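**Q** Okay, so here is run35.cif, and as you'll see once you scroll down, it has mmCIF, C-alpha atoms and all ligand atoms.
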```cif
data_input
loop_
_atom_site.group_PDB
_atom_site.id
_atom_site.type_symbol
_atom_site.label_atom_id
_atom_site.label_comp_id
_atom_site.auth_asym_id
_atom_site.auth_seq_id
_atom_site.Cartn_x
_atom_site.Cartn_y
_atom_site.Cartn_z
ATOM 1 C CA MET A 1 -10.837 15.542 -7.288
ATOM 2 C CA LYS A 2 -7.224 16.418 -6.999
ATOM 3 C CA ILE A 3 -4.643 14.277 -5.285
ATOM 4 C CA ALA A 4 -1.019 14.870 -4.347
ATOM 5 C CA VAL A 5 1.539 12.141 -5.010
ATOM 6 C CA VAL A 6 4.136 12.968 -2.372
ATOM 7 C CA GLN A 7 7.716 12.524 -3.521
ATOM 8 C CA PHE A 8 10.763 12.256 -1.253
ATOM 9 C CA PRO A 9 14.417 12.029 -2.313
ATOM 10 C CA GLY A 10 14.700 8.430 -3.509
ATOM 11 C CA THR A 11 11.034 7.906 -4.371
ATOM 12 C CA ASN A 12 10.911 6.125 -7.734
ATOM 13 C CA CYS A 13 7.254 5.338 -8.477
ATOM 14 C CA GLU A 14 5.738 8.818 -8.536
ATOM 15 C CA HIS A 15 5.102 9.079 -12.279
ATOM 16 C CA GLU A 16 3.448 5.693 -12.789
ATOM 17 C CA THR A 17 1.407 6.202 -9.615
ATOM 18 C CA LEU A 18 0.079 9.508 -10.937
ATOM 19 C CA VAL A 19 -0.666 7.935 -14.336
ATOM 20 C CA ALA A 20 -2.565 5.092 -12.616
ATOM 21 C CA ALA A 21 -4.534 7.540 -10.462
ATOM 22 C CA LYS A 22 -5.431 9.568 -13.557
ATOM 23 C CA SER A 23 -6.568 6.393 -15.332
ATOM 24 C CA ALA A 24 -9.124 6.018 -12.530
ATOM 25 C CA GLY A 25 -10.479 9.521 -13.143
ATOM 26 C CA LEU A 26 -8.533 11.414 -10.486
ATOM 27 C CA SER A 27 -6.487 14.484 -11.285
ATOM 28 C CA GLY A 28 -3.371 15.479 -9.447
ATOM 29 C CA GLU A 29 0.268 16.299 -9.372
ATOM 30 C CA ILE A 30 3.577 15.197 -7.920
ATOM 31 C CA PHE A 31 4.218 17.108 -4.691
ATOM 32 C CA ARG A 32 7.844 17.386 -3.672
ATOM 33 C CA TRP A 33 8.484 16.948 0.046
ATOM 34 C CA ASN A 34 10.166 20.370 0.397
ATOM 35 C CA ARG A 35 7.301 22.468 -0.953
ATOM 36 C CA PRO A 36 5.512 24.598 1.661
ATOM 37 C CA ALA A 37 3.575 21.967 3.568
ATOM 38 C CA GLU A 38 0.487 24.188 3.913
ATOM 39 C CA GLU A 39 -0.060 23.812 0.148
ATOM 40 C CA LEU A 40 -1.097 20.229 0.849
ATOM 41 C CA SER A 41 -4.435 21.332 2.239
ATOM 42 C CA GLY A 42 -5.606 22.160 -1.295
ATOM 43 C CA PHE A 43 -5.776 18.471 -2.258
ATOM 44 C CA ASP A 44 -8.592 15.979 -1.701
ATOM 45 C CA GLY A 45 -6.341 12.993 -1.069
ATOM 46 C CA TYR A 46 -2.744 11.837 -0.970
ATOM 47 C CA ILE A 47 -0.634 8.954 -2.185
ATOM 48 C CA ILE A 48 2.863 8.210 -0.898
ATOM 49 C CA PRO A 49 4.373 6.094 -3.671
ATOM 50 C CA GLY A 50 7.073 3.452 -3.596
ATOM 51 C CA GLY A 51 10.815 3.767 -3.763
ATOM 52 C CA PHE A 52 13.845 4.108 -1.568
ATOM 53 C CA SER A 53 13.398 7.378 0.294
ATOM 54 C CA TYR A 54 16.723 8.463 1.778
ATOM 55 C CA GLN A 55 18.223 5.194 0.487
ATOM 56 C CA ASP A 56 16.278 3.209 3.116
ATOM 57 C CA ARG A 57 18.841 4.397 5.660
ATOM 58 C CA LEU A 58 18.258 3.427 9.313
ATOM 59 C CA ARG A 59 15.144 1.535 8.207
ATOM 60 C CA ALA A 60 12.998 1.964 5.107
ATOM 61 C CA GLY A 61 10.788 5.019 5.644
ATOM 62 C CA ALA A 62 12.410 6.101 8.916
ATOM 63 C CA ILE A 63 13.955 9.366 7.713
ATOM 64 C CA ALA A 64 11.108 10.465 5.424
ATOM 65 C CA SER A 65 8.699 9.940 8.327
ATOM 66 C CA LYS A 66 10.379 12.818 10.195
ATOM 67 C CA GLU A 67 9.895 15.385 7.412
ATOM 68 C CA PRO A 68 7.514 18.315 8.129
ATOM 69 C CA VAL A 69 5.357 17.232 5.182
ATOM 70 C CA MET A 70 4.356 14.185 7.258
ATOM 71 C CA ASP A 71 3.036 16.451 10.043
ATOM 72 C CA ALA A 72 0.877 18.174 7.431
ATOM 73 C CA LEU A 73 -0.323 14.791 6.147
ATOM 74 C CA ARG A 74 -1.168 13.737 9.710
ATOM 75 C CA GLU A 75 -3.404 16.802 10.003
ATOM 76 C CA GLU A 76 -5.097 16.044 6.687
ATOM 77 C CA ALA A 77 -5.640 12.441 7.833
ATOM 78 C CA GLU A 78 -7.258 13.739 11.016
ATOM 79 C CA ARG A 79 -9.647 15.733 8.802
ATOM 80 C CA GLY A 80 -10.666 12.421 7.241
ATOM 81 C CA LYS A 81 -8.971 12.806 3.880
ATOM 82 C CA PRO A 82 -7.723 9.583 2.266
ATOM 83 C CA ILE A 83 -4.044 8.675 2.252
ATOM 84 C CA ILE A 84 -2.675 5.578 0.529
ATOM 85 C CA GLY A 85 0.924 4.538 1.146
ATOM 86 C CA ILE A 86 2.294 2.056 -1.361
ATOM 87 C CA CYS A 87 5.365 -0.010 -0.475
ATOM 88 C CA ASN A 88 7.876 2.606 0.697
ATOM 89 C CA GLY A 89 4.809 4.778 1.298
ATOM 90 C CA PHE A 90 3.434 2.094 3.651
ATOM 91 C CA GLN A 91 6.798 1.995 5.421
ATOM 92 C CA ILE A 92 6.733 5.804 5.827
ATOM 93 C CA LEU A 93 3.158 5.729 7.202
ATOM 94 C CA VAL A 94 4.184 3.085 9.756
ATOM 95 C CA GLU A 95 7.280 5.022 10.821
ATOM 96 C CA ALA A 96 5.263 8.256 11.052
ATOM 97 C CA GLY A 97 2.680 6.639 13.332
ATOM 98 C CA LEU A 98 -0.219 7.154 10.914
ATOM 99 C CA LEU A 99 -1.226 3.522 11.337
ATOM 100 C CA PRO A 100 -1.683 3.240 15.110
ATOM 101 C CA GLY A 101 -0.318 0.044 16.644
ATOM 102 C CA LEU A 102 2.363 -0.222 13.974
ATOM 103 C CA GLY A 103 5.767 1.423 14.214
ATOM 104 C CA GLY A 104 7.964 2.107 17.203
ATOM 105 C CA ILE A 105 9.406 -0.899 19.004
ATOM 106 C CA ASP A 106 6.238 -2.996 19.198
ATOM 107 C CA ALA A 107 5.449 -3.709 15.542
ATOM 108 C CA ALA A 108 7.335 -3.010 12.345
ATOM 109 C CA LEU A 109 7.782 -3.833 8.685
ATOM 110 C CA ALA A 110 10.967 -5.876 9.053
ATOM 111 C CA SER A 111 13.245 -7.625 6.548
ATOM 112 C CA ASN A 112 11.590 -10.310 4.455
ATOM 113 C CA VAL A 113 12.151 -13.882 5.689
ATOM 114 C CA MET A 114 10.463 -16.532 3.560
ATOM 115 C CA VAL A 115 9.788 -19.817 5.328
ATOM 116 C CA SER A 116 8.706 -23.156 3.839
ATOM 117 C CA LYS A 117 8.410 -26.430 5.777
ATOM 118 C CA GLY A 118 10.222 -24.923 8.734
ATOM 119 C CA GLU A 119 13.220 -23.827 6.630
ATOM 120 C CA ILE A 120 14.232 -20.320 5.638
ATOM 121 C CA VAL A 121 14.256 -20.521 1.837
ATOM 122 C CA ARG A 122 14.913 -16.885 1.009
ATOM 123 C CA ARG A 123 15.583 -13.523 2.618
ATOM 124 C CA GLY A 124 15.587 -9.899 1.650
ATOM 125 C CA PHE A 125 14.600 -8.080 -1.539
ATOM 126 C CA TYR A 126 12.037 -9.876 -3.654
ATOM 127 C CA CYS A 127 10.128 -8.931 -6.777
ATOM 128 C CA ALA A 128 7.166 -11.084 -7.883
ATOM 129 C CA TRP A 129 3.530 -11.094 -8.944
ATOM 130 C CA THR A 130 1.167 -11.738 -6.102
ATOM 131 C CA THR A 131 -2.535 -12.220 -5.475
ATOM 132 C CA LEU A 132 -4.225 -10.307 -2.667
ATOM 133 C CA ARG A 133 -7.480 -11.215 -0.985
ATOM 134 C CA HIS A 134 -9.545 -8.276 0.135
ATOM 135 C CA GLU A 135 -10.432 -8.927 3.768
ATOM 136 C CA ALA A 136 -12.238 -5.779 4.906
ATOM 137 C CA PRO A 137 -15.951 -5.168 4.458
ATOM 138 C CA PRO A 138 -16.837 -2.920 1.504
ATOM 139 C CA LYS A 139 -16.574 0.806 2.284
ATOM 140 C CA ARG A 140 -14.328 0.092 5.299
ATOM 141 C CA CYS A 141 -11.223 1.646 3.776
ATOM 142 C CA SER A 142 -10.509 4.488 1.350
ATOM 143 C CA GLY A 143 -8.265 2.392 -0.901
ATOM 144 C CA SER A 144 -10.603 -0.594 -1.118
ATOM 145 C CA PHE A 145 -13.927 1.217 -0.892
ATOM 146 C CA LEU A 146 -15.351 -0.573 -3.954
ATOM 147 C CA LEU A 147 -14.015 -4.068 -3.203
ATOM 148 C CA GLU A 148 -16.130 -6.946 -1.877
ATOM 149 C CA VAL A 149 -14.980 -9.244 0.931
ATOM 150 C CA GLY A 150 -12.906 -12.030 -0.613
ATOM 151 C CA GLU A 151 -12.343 -10.193 -3.902
ATOM 152 C CA LEU A 152 -8.957 -11.066 -5.420
ATOM 153 C CA VAL A 153 -6.630 -8.503 -6.983
ATOM 154 C CA ARG A 154 -3.343 -9.226 -8.766
ATOM 155 C CA MET A 155 -0.368 -6.905 -8.576
ATOM 156 C CA PRO A 156 3.404 -7.110 -8.239
ATOM 157 C CA LEU A 157 5.487 -6.432 -5.192
ATOM 158 C CA ALA A 158 9.143 -5.430 -4.940
ATOM 159 C CA HIS A 159 10.647 -4.777 -1.551
ATOM 160 C CA ALA A 160 13.094 -5.902 1.114
ATOM 161 C CA GLU A 161 11.271 -4.729 4.236
ATOM 162 C CA GLY A 162 7.618 -5.707 4.109
ATOM 163 C CA ASN A 163 7.431 -8.451 6.692
ATOM 164 C CA LEU A 164 5.001 -7.427 9.426
ATOM 165 C CA VAL A 165 6.385 -8.526 12.802
ATOM 166 C CA THR A 166 5.287 -7.702 16.324
ATOM 167 C CA VAL A 167 6.090 -8.421 19.944
ATOM 168 C CA ASP A 168 2.513 -7.511 20.908
ATOM 169 C CA PRO A 169 0.542 -10.752 21.254
ATOM 170 C CA ASP A 170 -2.770 -8.884 20.974
ATOM 171 C CA LEU A 171 -1.995 -6.784 17.897
ATOM 172 C CA MET A 172 -3.436 -9.108 15.266
ATOM 173 C CA ALA A 173 -6.559 -9.831 17.303
ATOM 174 C CA ARG A 174 -7.176 -6.073 17.585
ATOM 175 C CA LEU A 175 -6.567 -5.434 13.884
ATOM 176 C CA ASN A 176 -8.731 -8.380 12.828
ATOM 177 C CA GLU A 177 -11.586 -7.492 15.142
ATOM 178 C CA ASP A 178 -11.613 -3.917 13.874
ATOM 179 C CA HIS A 179 -11.385 -5.046 10.204
ATOM 180 C CA GLN A 180 -8.130 -3.126 9.764
ATOM 181 C CA VAL A 181 -6.497 -5.976 7.838
ATOM 182 C CA VAL A 182 -7.390 -4.892 4.324
ATOM 183 C CA PHE A 183 -5.338 -7.324 2.188
ATOM 184 C CA ARG A 184 -3.698 -10.726 2.699
ATOM 185 C CA TYR A 185 -1.361 -12.590 0.363
ATOM 186 C CA CYS A 186 -3.135 -15.648 -1.029
ATOM 187 C CA ASN A 187 -2.891 -18.102 -3.909
ATOM 188 C CA GLU A 188 -4.844 -17.744 -7.161
ATOM 189 C CA ALA A 189 -7.749 -19.662 -5.630
ATOM 190 C CA GLY A 190 -7.904 -17.114 -2.794
ATOM 191 C CA GLU A 191 -6.513 -19.489 -0.166
ATOM 192 C CA VAL A 192 -4.223 -18.100 2.511
ATOM 193 C CA ASP A 193 -1.212 -20.294 3.329
ATOM 194 C CA PRO A 194 1.280 -19.091 5.970
ATOM 195 C CA GLU A 195 4.207 -20.565 4.008
ATOM 196 C CA TYR A 196 6.280 -19.190 1.141
ATOM 197 C CA PRO A 197 5.541 -18.729 -1.764
ATOM 198 C CA VAL A 198 1.930 -17.789 -0.885
ATOM 199 C CA ASN A 199 3.072 -15.826 2.149
ATOM 200 C CA ILE A 200 5.535 -14.111 -0.068
ATOM 201 C CA ASN A 201 7.550 -12.125 2.473
ATOM 202 C CA GLY A 202 6.909 -13.923 5.782
ATOM 203 C CA SER A 203 4.432 -11.350 7.041
ATOM 204 C CA LEU A 204 2.378 -12.155 10.134
ATOM 205 C CA GLU A 205 -0.950 -13.702 9.071
ATOM 206 C CA ASN A 206 -0.018 -12.943 5.428
ATOM 207 C CA VAL A 207 -0.773 -9.264 5.970
ATOM 208 C CA ALA A 208 -0.259 -7.197 2.814
ATOM 209 C CA GLY A 209 -2.253 -4.067 3.706
ATOM 210 C CA ILE A 210 -3.556 -2.368 6.860
ATOM 211 C CA CYS A 211 -5.810 0.647 7.414
ATOM 212 C CA ASN A 212 -6.136 2.953 10.401
ATOM 213 C CA PRO A 213 -9.178 2.619 12.712
ATOM 214 C CA GLU A 214 -11.019 5.346 10.762
ATOM 215 C CA GLY A 215 -10.317 3.606 7.442
ATOM 216 C CA ASN A 216 -9.106 6.691 5.572
ATOM 217 C CA VAL A 217 -5.395 5.795 5.754
ATOM 218 C CA LEU A 218 -4.253 2.624 3.956
ATOM 219 C CA GLY A 219 -0.760 1.170 3.783
ATOM 220 C CA MET A 220 -0.068 -1.675 1.368
ATOM 221 C CA MET A 221 3.175 -3.355 0.279
ATOM 222 C CA PRO A 222 2.254 -4.448 -3.294
ATOM 223 C CA HIS A 223 2.082 -1.925 -6.125
ATOM 224 C CA PRO A 224 -1.403 -1.276 -7.617
ATOM 225 C CA GLU A 225 0.089 1.196 -10.110
ATOM 226 C CA ARG A 226 1.958 -1.726 -11.690
ATOM 227 C CA SER A 227 -1.269 -3.527 -12.612
ATOM 228 C CA SER A 228 -3.565 -0.601 -13.367
ATOM 229 C CA PHE A 229 -3.476 -1.301 -17.114
ATOM 230 C CA ALA A 230 -4.176 -4.700 -18.688
ATOM 231 C CA TRP A 231 -0.975 -4.414 -20.756
ATOM 232 C CA GLN A 232 1.066 -4.507 -17.541
ATOM 233 C CA LEU A 233 -0.118 -8.028 -16.667
ATOM 234 C CA PRO A 234 2.188 -11.044 -17.179
ATOM 235 C CA PRO A 235 1.979 -12.705 -20.633
ATOM 236 C CA ALA A 236 0.058 -15.769 -19.380
ATOM 237 C CA ASP A 237 -2.614 -13.747 -17.578
ATOM 238 C CA PRO A 238 -6.015 -14.184 -19.299
ATOM 239 C CA ALA A 239 -6.779 -10.502 -18.723
ATOM 240 C CA LYS A 240 -3.603 -9.444 -20.556
ATOM 241 C CA SER A 241 -4.377 -7.020 -23.333
ATOM 242 C CA VAL A 242 -1.943 -5.375 -25.675
ATOM 243 C CA GLY A 243 -4.389 -3.948 -28.192
ATOM 244 C CA ASP A 244 -6.143 -1.446 -25.962
ATOM 245 C CA MET A 245 -3.548 0.582 -24.099
ATOM 246 C CA GLU A 246 -6.188 2.066 -21.798
ATOM 247 C CA ALA A 247 -7.876 -1.250 -20.825
ATOM 248 C CA PRO A 248 -7.956 -1.517 -17.023
ATOM 249 C CA GLY A 249 -5.978 -3.935 -14.906
ATOM 250 C CA PRO A 250 -6.937 -5.042 -11.392
ATOM 251 C CA GLY A 251 -4.760 -2.486 -9.579
ATOM 252 C CA ARG A 252 -6.912 0.341 -10.911
ATOM 253 C CA ARG A 253 -9.605 -0.696 -8.399
ATOM 254 C CA ILE A 254 -7.483 0.846 -5.637
ATOM 255 C CA PHE A 255 -7.423 4.254 -7.318
ATOM 256 C CA GLU A 256 -11.090 3.995 -8.338
ATOM 257 C CA SER A 257 -11.847 3.257 -4.693
ATOM 258 C CA MET A 258 -9.990 6.370 -3.598
ATOM 259 C CA LYS A 259 -11.957 8.440 -6.111
ATOM 260 C CA ARG A 260 -15.266 7.047 -4.888
ATOM 261 C CA TYR A 261 -14.241 7.630 -1.271
ATOM 262 C CA ILE A 262 -13.525 11.287 -2.046
ATOM 263 C CA GLU A 263 -16.883 11.650 -3.863
ATOM 264 C CA VAL A 264 -18.813 10.139 -0.964
ATOM 265 C CA ARG A 265 -17.018 12.265 1.638
ATOM 266 C CA ARG A 266 -17.931 15.507 -0.098
HETATM 267 N N1 LIG A 301 9.383 -0.686 -4.161
HETATM 268 C C1 LIG A 301 9.588 -0.068 -3.040
HETATM 269 O O1 LIG A 301 8.859 0.855 -2.674
HETATM 270 C C2 LIG A 301 10.761 -0.491 -2.219
HETATM 271 C C3 LIG A 301 10.438 -0.489 -0.764
HETATM 272 C C4 LIG A 301 11.619 -0.450 0.187
HETATM 273 N N2 LIG A 301 12.570 0.521 -0.172
HETATM 274 C C5 LIG A 301 12.137 -1.829 0.433
HETATM 275 O O2 LIG A 301 12.969 -2.308 -0.337
HETATM 276 O O3 LIG A 301 11.702 -2.447 1.374
#
```
As structure tokens, how would this structure be written, given the file I've shared?
Ligand SMILES: NC(=O)CC[C@H](N)C(=O)O
**A**
Amino acid sequence: MKIAVVQFPGTNCEHETLVAAKSAGLSGEIFRWNRPAEELSGFDGYIIPGGFSYQDRLRAGAIASKEPVMDALREEAERGKPIIGICNGFQILVEAGLLPGLGGIDAALASNVMVSKGEIVRRGFYCAWTTLRHEAPPKRCSGSFLLEVGELVRMPLAHAEGNLVTVDPDLMARLNEDHQVVFRYCNEAGEVDPEYPVNINGSLENVAGICNPEGNVLGMMPHPERSSFAWQLPPADPAKSVGDMEAPGPGRRIFESMKRYIEVRR
């Protein structure tokens, strides 16, 4: 099971993403955006990692979304192969139209605006640990294939443009009804609160991850590769482990899910 971690100029999470995927039993390689795009068909799945592709110019993900490699990824998605976009990867998927309903002028990942008690308390780039509640039914989505409804996973986020906004009053109803909301920001007890700091970036309905209608394409703002090993967890976390460098952290479940999804598809 071989995956491609697609790297654009300005991507900065490709190595740790590949290491995390390998820790889940996948094999793979970093695939530079300017390689012949047809070589992508030889992989079983794809991850677009985080970073600042093209310096986030215009909007984060906007320029990378126009690269020919994204047309090839669209074709692979149509064949049912899994694609996970993490942070800047999510932004690129949205801009490329691989998550229908998002992107264009109707719905976007906009600048973070954190609101508490009716006041804006913070804006822009933010880096913090967060807890996600898995909202989709098991097996709904390639990147959360193994997760139960309500399962909590801890991982960090670090971005400026992850705030889902829309002018379409029906968008959330459609996404919810179709179980395309995969993750929501919640507190450690699993409760969703629309205010900062639980709703960490101001996103509509605390959305942290969305899949396409078919479930094979997942975009998520937080970084599972940054909590795929127990040693990556914050010092106070009970699951923190420094002795065993291979001990799993919660983020590994995303990559294990992708592996299982590929196995089941075969
Ligand atoms: N960590 C990242 O992938 C950064 C995402 C993006 N460039 C932003 O700041 O919004």
**Q** Can you give me, as a ChimeraX atom specification, the residues this file yields under the PyMOL selection byres (((chain A and resi 228) around 9) and not hetatm)?
**A** /A:20-21,23-24,155,224-227,229-233,247-255
**Q** Do you know which residues are within 9 Å of ligand LIG 301 (chain A) using all atoms listed in the file? Can you write them as an NGL selection string?
**A** :A and (10-13 or 49-53 or 55-56 or 59-61 or 86-91 or 109-112 or 124-127 or 157-162 or 221-223)
**Q** As an MDAnalysis selection string, please: the residues near A:Tyr185 (cut-off 8 Å, only C-alpha atoms, same-chain neighbours under 5 positions excluded).
**A** chainID A and resid 130:133 192 198:200 206:208
**Q** For this structure, which residues satisfy the selection - the PyMOL selection byres (((chain A and resi 29) around 9) and not hetatm) - when it is evaluated on the file as given? I want them as a PyMOL selection string.
**A** chain A and resi 2-6+18+27-28+30-31
**Q** Report the centre and edge lengths, in Å to one decimal, of an axis-aligned box enclosing every atom of stretch 212-223 of chain A listed in the file, padded by 4 Å on each side, as lines of an AutoDock Vina configuration file.
**A**
```
center_x = -3.9
center_y = 1.1
center_z = 3.3
size_x = 22.2
size_y = 19.1
size_z = 26.8
```
**Q** Which residues fall under the PyMOL selection byres (((chain A and resi 102) around 12) and not hetatm) in this file, as a count of residues only?
**A** 36
**Q** Pick from A:Tyr54, A:Tyr196, A:Phe183, A:Phe145: nearest to A:Ile120, with all atoms listed in the file counted?
**A**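 Using all atoms listed in the file, the shortest distance to A:Ile120 belongs to A:Tyr196.
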**Q** Given all atoms listed in the file as the basis, pick out the residue of A:Met114, A:Val217, A:Val19, A:Glu67 nearest to A:Gly85.
**A**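 Of A:Met114, A:Val217, A:Val19, A:Glu67, the one nearest A:Gly85, counting all atoms listed in the file, is A:Val217.
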**Q** Kindly indicate which residue among A:Glu214, A:Glu195, A:Glu75, A:Glu205 lies nearest to A:Arg140, using only C-alpha atoms for the distances.
**A**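 Between A:Glu214, A:Glu195, A:Glu75, A:Glu205, the residue approaching A:Arg140 most closely is A:Glu214.
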**Q** Write out as a VMD selection string each polymer residue whose atoms come within 10 Å of A:Asp44, counting all atoms listed in the file; drop sequence neighbours fewer than 3 positions from it.
**A** chain A and resid 1 to 4 26 to 28 40 to 41 76 80 to 83 258 to 259 262 to 263 265 to 266
**Q** Of the candidates A:Arg122, A:Asp244, A:Leu152, A:Pro9, which shows the shortest atom-to-atom distance to A:Arg57, using only C-alpha atoms?
**A**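 Of A:Arg122, A:Asp244, A:Leu152, A:Pro9, the one nearest A:Arg57, counting only C-alpha atoms, is A:Pro9.
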**Q** Quick one: distance from atom CA of A:Trp33 to atom CA of A:Tyr46 in Å, one decimal?
**A** 12.4 Å
**Q** Go through A:Leu147, A:Ala189, A:Met220, A:Leu204 one by one, measure the shortest atom-to-atom distance of each to A:Tyr261 using only C-alpha atoms, and give the residue with the smallest value.
**A**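 The closest residue to A:Tyr261 is A:Leu147.
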**Q** Have a look at atom CA of A:Gly190 and atom CA of A:Ala136 and let me know their distance in Å, one decimal.
**A**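 For atom CA of A:Gly190 relative to atom CA of A:Ala136, the distance reads 14.4 Å.
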**Q** Would you mind reading off the distance between atom CA of A:Glu14 and atom CA of A:Ile47, one decimal, in Å?
**A**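 Rounded to one decimal, the two atoms are 9.0 Å apart.
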**Q** Please return, as a PyMOL selection string, all polymer residues that have at least one atom within 8 Å of the point (8.4, 18.1, 2.1); use all atoms listed in the file and the file's own coordinate frame.
**A** chain A and resi 7-8+32-37+67-70
